Amino acid sequence: MKKLLREILKEITPTEEEHELEKRIIERIKKKLERMGVRPVLVGSLAKDTDLRGDKDIDIFIMFHKDVSREELEKRALEIGRKLFKELNARYEIDYAEHPYVRGFYRGYNVDIVPCYETKEPRSAVDRTPYHTRYVRKKIRENKNLSDEIRLLKQFMKGIGVYGAEAKVQGFSGYLTELLVINYGSFENTLKAATEWKFNQILDPENLWEDKEPLKYFFPDASLIVIDPIDENRNAAAAVSRQRLAEFIVASIEFLKSPGREFFFPPEERLPSKGELSRRMRSRGTKLIGILFKHSRINPNSLYPQLRKTAIALKKSIDEFDFRILKFDLWTDENNLSVILLDFEVWRLPRIRHHLGPPIDKNLRDQENFIEKYRAYRPYIKNGRWVVDTEREFKRIEQLLPRLIEEKKGFGKNLRSAKKIEIIEDRDILKIDNKGFLRFMDRFLSPL
């Protein structure tokens, strides 16, 4: 394994030429920002020396006094960001996190100019970032090997698809990756520890909590709990979904059993033909239905949560009518096309529905109301409770879906106002002419 890790490290460590170019770009940007009257601070992996070769992200925070209002901070930051990239003759866009910020595209790099408050008592999530940078740099000064070990873990997580805290991935942030290596001391030790993790695992790198048991109640929805050394009341792993945590644990087990380059650099996915996908769709014996949304561009950090919210709402409504979904997933081109894919185990139902009423030894008023409501269907007693056989309103899923789409109950805010929402079935789903979508379908369909 050691030989493999040395080879991987050579490939992922930035070259001196790469760092020199980045230094020149950063210095030029910082000087321009200083002339605009703000103090710029480099944060992120570049500042901590944990960046990967080819990493094209430069994160610069501009600091504002704590007395500046949030409205003023956002307004001035956007003005400064726009002015900066206009002077650099670079394309830019407005993106959103805790605050709106400006992302520019300069000399092949994504350059984020993010406003934050210069305060030891954070007023927003981004205010902690400069302190995160200081913390990690301090730990690396104490142990120079940590930089390489962090790089290995980052590349491993990228290779298995769990790296990134953004809404699209719901995985491990760069800072969280750094904390794991700091906590366990090395890439290999982190993987060994992960093989024994349970859901709701608790890590407290600086032992800020003497009694850790209450943390499970403090962060009840967390798949993984890692106490932020900068803020004892923050879970640095809050973004990690149960799915991504499970994938990391399993990949750690598999790598330690049989180390391989493919964990860090997975082979390129083969693009399946539409004919192959169509055969696999038929062989499943299920019914595939896609809900296709044509919409204006929505920021991905907002789009993915809205798609998940919409998919869950659809499933909940469908379940209420006794149709059964085997599994569902979502895909988007992150521009103007999104799809929620539903795979039905039960999509046709009999005309009659067996409807359970109240037990005969419970509230008499409830029994009377049930009998009166369903009198035309002749309620009867079965196993100690009232039941009735009624006629279903919807016998096929194709009859129900148009109503759900018309009602838009539980749909994401922007998806409710989509330009067009279309239902596509079975092989018609493959008319979506996008390589990314075909790869998504390849992963969704089992290889039958």
# chains A, B, ... in the order shown; residues from 1 in each chain; ligands from 1
call {"tool": "closest_atom_pairs", "arguments": {"of": "range 93-156 of chain A", "to": "range 260-273 of chain A", "cutoff": "9 Å", "atoms": "only C-alpha atoms", "output": "JSON lines"}}
result
{"residue": "A:Leu152", "atom": "CA", "partner": "A:Phe264", "partner_atom": "CA", "distance": 8.4}
{"residue": "A:Gln155", "atom": "CA", "partner": "A:Phe264", "partner_atom": "CA", "distance": 5.7}
{"residue": "A:Phe156", "atom": "CA", "partner": "A:Phe264", "partner_atom": "CA", "distance": 4.7}
call {"tool": "residues_around", "arguments": {"residues": "range 102-105 of chain A", "least_positions_apart": "4", "cutoff": "9 Å", "atoms": "only C-alpha atoms", "output": "ChimeraX atom specification"}}
result
/A:77-78,80-82,84-85,90-96,109-114
call {"tool": "write_last_selection", "arguments": {"atoms": "N, CA and C atoms", "output": "compact mmCIF listing (two decimals), in the first residue's frame"}}
result
# COMPACT_ATOMS: atom_id res chain seq x y z
N ALA A 77 -20.09 44.19 -0.87
CA ALA A 77 -19.34 43.04 -1.35
C ALA A 77 -19.63 42.77 -2.82
N LEU A 78 -20.89 42.87 -3.22
CA LEU A 78 -21.24 42.65 -4.61
C LEU A 78 -20.65 43.74 -5.50
N ILE A 80 -17.92 45.48 -4.90
CA ILE A 80 -16.48 45.26 -4.97
C ILE A 80 -16.15 44.09 -5.89
N GLY A 81 -16.90 43.00 -5.76
CA GLY A 81 -16.64 41.83 -6.60
C GLY A 81 -16.83 42.13 -8.08
N ARG A 82 -17.93 42.81 -8.39
CA ARG A 82 -18.18 43.17 -9.80
C ARG A 82 -17.07 44.07 -10.34
N LEU A 84 -13.99 44.35 -9.29
CA LEU A 84 -12.73 43.61 -9.41
C LEU A 84 -12.66 42.86 -10.74
N PHE A 85 -13.68 42.10 -11.06
CA PHE A 85 -13.61 41.26 -12.26
C PHE A 85 -13.77 42.08 -13.53
N ALA A 90 -12.65 39.87 -16.63
CA ALA A 90 -13.00 38.46 -16.43
C ALA A 90 -14.52 38.32 -16.30
N ARG A 91 -15.02 37.20 -16.78
CA ARG A 91 -16.44 36.90 -16.64
C ARG A 91 -16.74 36.59 -15.18
N TYR A 92 -17.96 36.92 -14.73
CA TYR A 92 -18.32 36.63 -13.34
C TYR A 92 -19.82 36.37 -13.23
N GLU A 93 -20.23 35.82 -12.09
CA GLU A 93 -21.65 35.60 -11.81
C GLU A 93 -21.88 35.76 -10.32
N ILE A 94 -23.12 35.98 -9.95
CA ILE A 94 -23.49 36.08 -8.54
C ILE A 94 -23.92 34.70 -8.07
N ASP A 95 -23.31 34.23 -6.98
CA ASP A 95 -23.67 32.95 -6.41
C ASP A 95 -24.17 33.19 -4.99
N TYR A 96 -24.68 32.14 -4.35
CA TYR A 96 -25.30 32.32 -3.04
C TYR A 96 -24.85 31.24 -2.08
N TYR A 109 -9.15 29.85 -13.48
CA TYR A 109 -9.49 29.59 -12.06
C TYR A 109 -10.88 30.14 -11.74
N ASN A 110 -11.57 29.45 -10.82
CA ASN A 110 -12.80 29.98 -10.23
C ASN A 110 -12.39 30.77 -9.00
N VAL A 111 -12.63 32.05 -9.02
CA VAL A 111 -12.20 32.92 -7.92
C VAL A 111 -13.44 33.43 -7.19
N ASP A 112 -13.59 33.02 -5.93
CA ASP A 112 -14.73 33.46 -5.13
C ASP A 112 -14.32 34.62 -4.23
N ILE A 113 -15.08 35.71 -4.30
CA ILE A 113 -14.88 36.86 -3.42
C ILE A 113 -16.07 36.88 -2.46
N VAL A 114 -15.80 36.46 -1.22
CA VAL A 114 -16.87 36.23 -0.25
C VAL A 114 -16.76 37.21 0.92
call {"tool": "closest_residue", "arguments": {"among": "A:Phe411, A:Phe172, A:Tyr374, A:Phe248", "to": "Trp197 in chain A", "atoms": "only C-alpha atoms"}}
result
A:Phe248
call {"tool": "select_by_dssp", "arguments": {"residues": "range 396-442 of chain A", "states": "strand (DSSP E)", "output": "NGL selection string"}}
result
:A and (420-425)
call {"tool": "write_last_selection", "arguments": {"atoms": "N, CA and C atoms", "output": "CSV table (one decimal), in the first residue's frame"}}
result
chain,number,residue,atom,x,y,z
A,420,LYS,N,-42.5,24.3,-18.0
A,420,LYS,CA,-43.2,23.2,-18.5
A,420,LYS,C,-42.9,22.0,-17.6
A,421,ILE,N,-44.0,21.2,-17.2
A,421,ILE,CA,-43.8,20.0,-16.5
A,421,ILE,C,-44.4,18.9,-17.3
A,422,GLU,N,-43.7,17.9,-17.6
A,422,GLU,CA,-44.1,16.8,-18.6
A,422,GLU,C,-43.9,15.5,-18.0
A,423,ILE,N,-44.9,14.6,-18.2
A,423,ILE,CA,-44.8,13.2,-17.8
A,423,ILE,C,-44.3,12.3,-19.0
A,424,ILE,N,-43.2,11.6,-18.8
A,424,ILE,CA,-42.6,10.8,-19.8
A,424,ILE,C,-42.5,9.3,-19.3
A,425,GLU,N,-42.9,8.4,-20.1
A,425,GLU,CA,-42.9,7.0,-19.6
A,425,GLU,C,-42.0,6.1,-20.4
call {"tool": "residues_around", "arguments": {"residues": "Leu42 in chain A", "least_positions_apart": "3", "cutoff": "10 Å", "atoms": "only C-alpha atoms", "output": "list of chain:residue names"}}
result
A:Ile26, A:Glu27, A:Lys30, A:Ser45, A:Leu46, A:Ala47, A:Lys48, A:Ile58, A:Asp59, A:Ile60, A:Phe61, A:Ile62, A:Ile113, A:Pro130, A:Thr133
call {"tool": "decode", "arguments": {"residues": "range 76-93 of chain A", "atoms": "N, CA and C atoms", "output": "tab-separated table (two decimals), in the first residue's frame"}}
result
chain	number	residue	atom	x	y	z
A	76	ARG	N	-22.06	46.13	-0.52
A	76	ARG	CA	-20.69	46.54	-0.81
A	76	ARG	C	-19.87	45.40	-1.39
A	77	ALA	N	-20.09	44.19	-0.87
A	77	ALA	CA	-19.34	43.04	-1.35
A	77	ALA	C	-19.63	42.77	-2.82
A	78	LEU	N	-20.89	42.87	-3.22
A	78	LEU	CA	-21.24	42.65	-4.61
A	78	LEU	C	-20.65	43.74	-5.50
A	79	GLU	N	-20.69	44.97	-5.02
A	79	GLU	CA	-20.09	46.09	-5.78
A	79	GLU	C	-18.60	45.86	-5.98
A	80	ILE	N	-17.92	45.48	-4.90
A	80	ILE	CA	-16.48	45.26	-4.97
A	80	ILE	C	-16.15	44.09	-5.89
A	81	GLY	N	-16.90	43.00	-5.76
A	81	GLY	CA	-16.64	41.83	-6.60
A	81	GLY	C	-16.83	42.13	-8.08
A	82	ARG	N	-17.93	42.81	-8.39
A	82	ARG	CA	-18.18	43.17	-9.80
A	82	ARG	C	-17.07	44.07	-10.34
A	83	LYS	N	-16.69	45.07	-9.54
A	83	LYS	CA	-15.65	46.00	-9.97
A	83	LYS	C	-14.32	45.27	-10.21
A	84	LEU	N	-13.99	44.35	-9.29
A	84	LEU	CA	-12.73	43.61	-9.41
A	84	LEU	C	-12.66	42.86	-10.74
A	85	PHE	N	-13.68	42.10	-11.06
A	85	PHE	CA	-13.61	41.26	-12.26
A	85	PHE	C	-13.77	42.08	-13.53
A	86	LYS	N	-14.42	43.22	-13.44
A	86	LYS	CA	-14.45	44.11	-14.60
A	86	LYS	C	-13.05	44.64	-14.88
A	87	GLU	N	-12.32	45.01	-13.81
A	87	GLU	CA	-10.94	45.48	-13.98
A	87	GLU	C	-10.04	44.38	-14.52
A	88	LEU	N	-10.32	43.15	-14.14
A	88	LEU	CA	-9.53	42.02	-14.62
A	88	LEU	C	-10.00	41.53	-15.99
A	89	ASN	N	-11.06	42.15	-16.49
A	89	ASN	CA	-11.65	41.76	-17.77
A	89	ASN	C	-12.05	40.28	-17.75
A	90	ALA	N	-12.65	39.87	-16.63
A	90	ALA	CA	-13.00	38.46	-16.43
A	90	ALA	C	-14.52	38.32	-16.30
A	91	ARG	N	-15.02	37.20	-16.78
A	91	ARG	CA	-16.44	36.90	-16.64
A	91	ARG	C	-16.74	36.59	-15.18
A	92	TYR	N	-17.96	36.92	-14.73
A	92	TYR	CA	-18.32	36.63	-13.34
A	92	TYR	C	-19.82	36.37	-13.23
A	93	GLU	N	-20.23	35.82	-12.09
A	93	GLU	CA	-21.65	35.60	-11.81
A	93	GLU	C	-21.88	35.76	-10.32
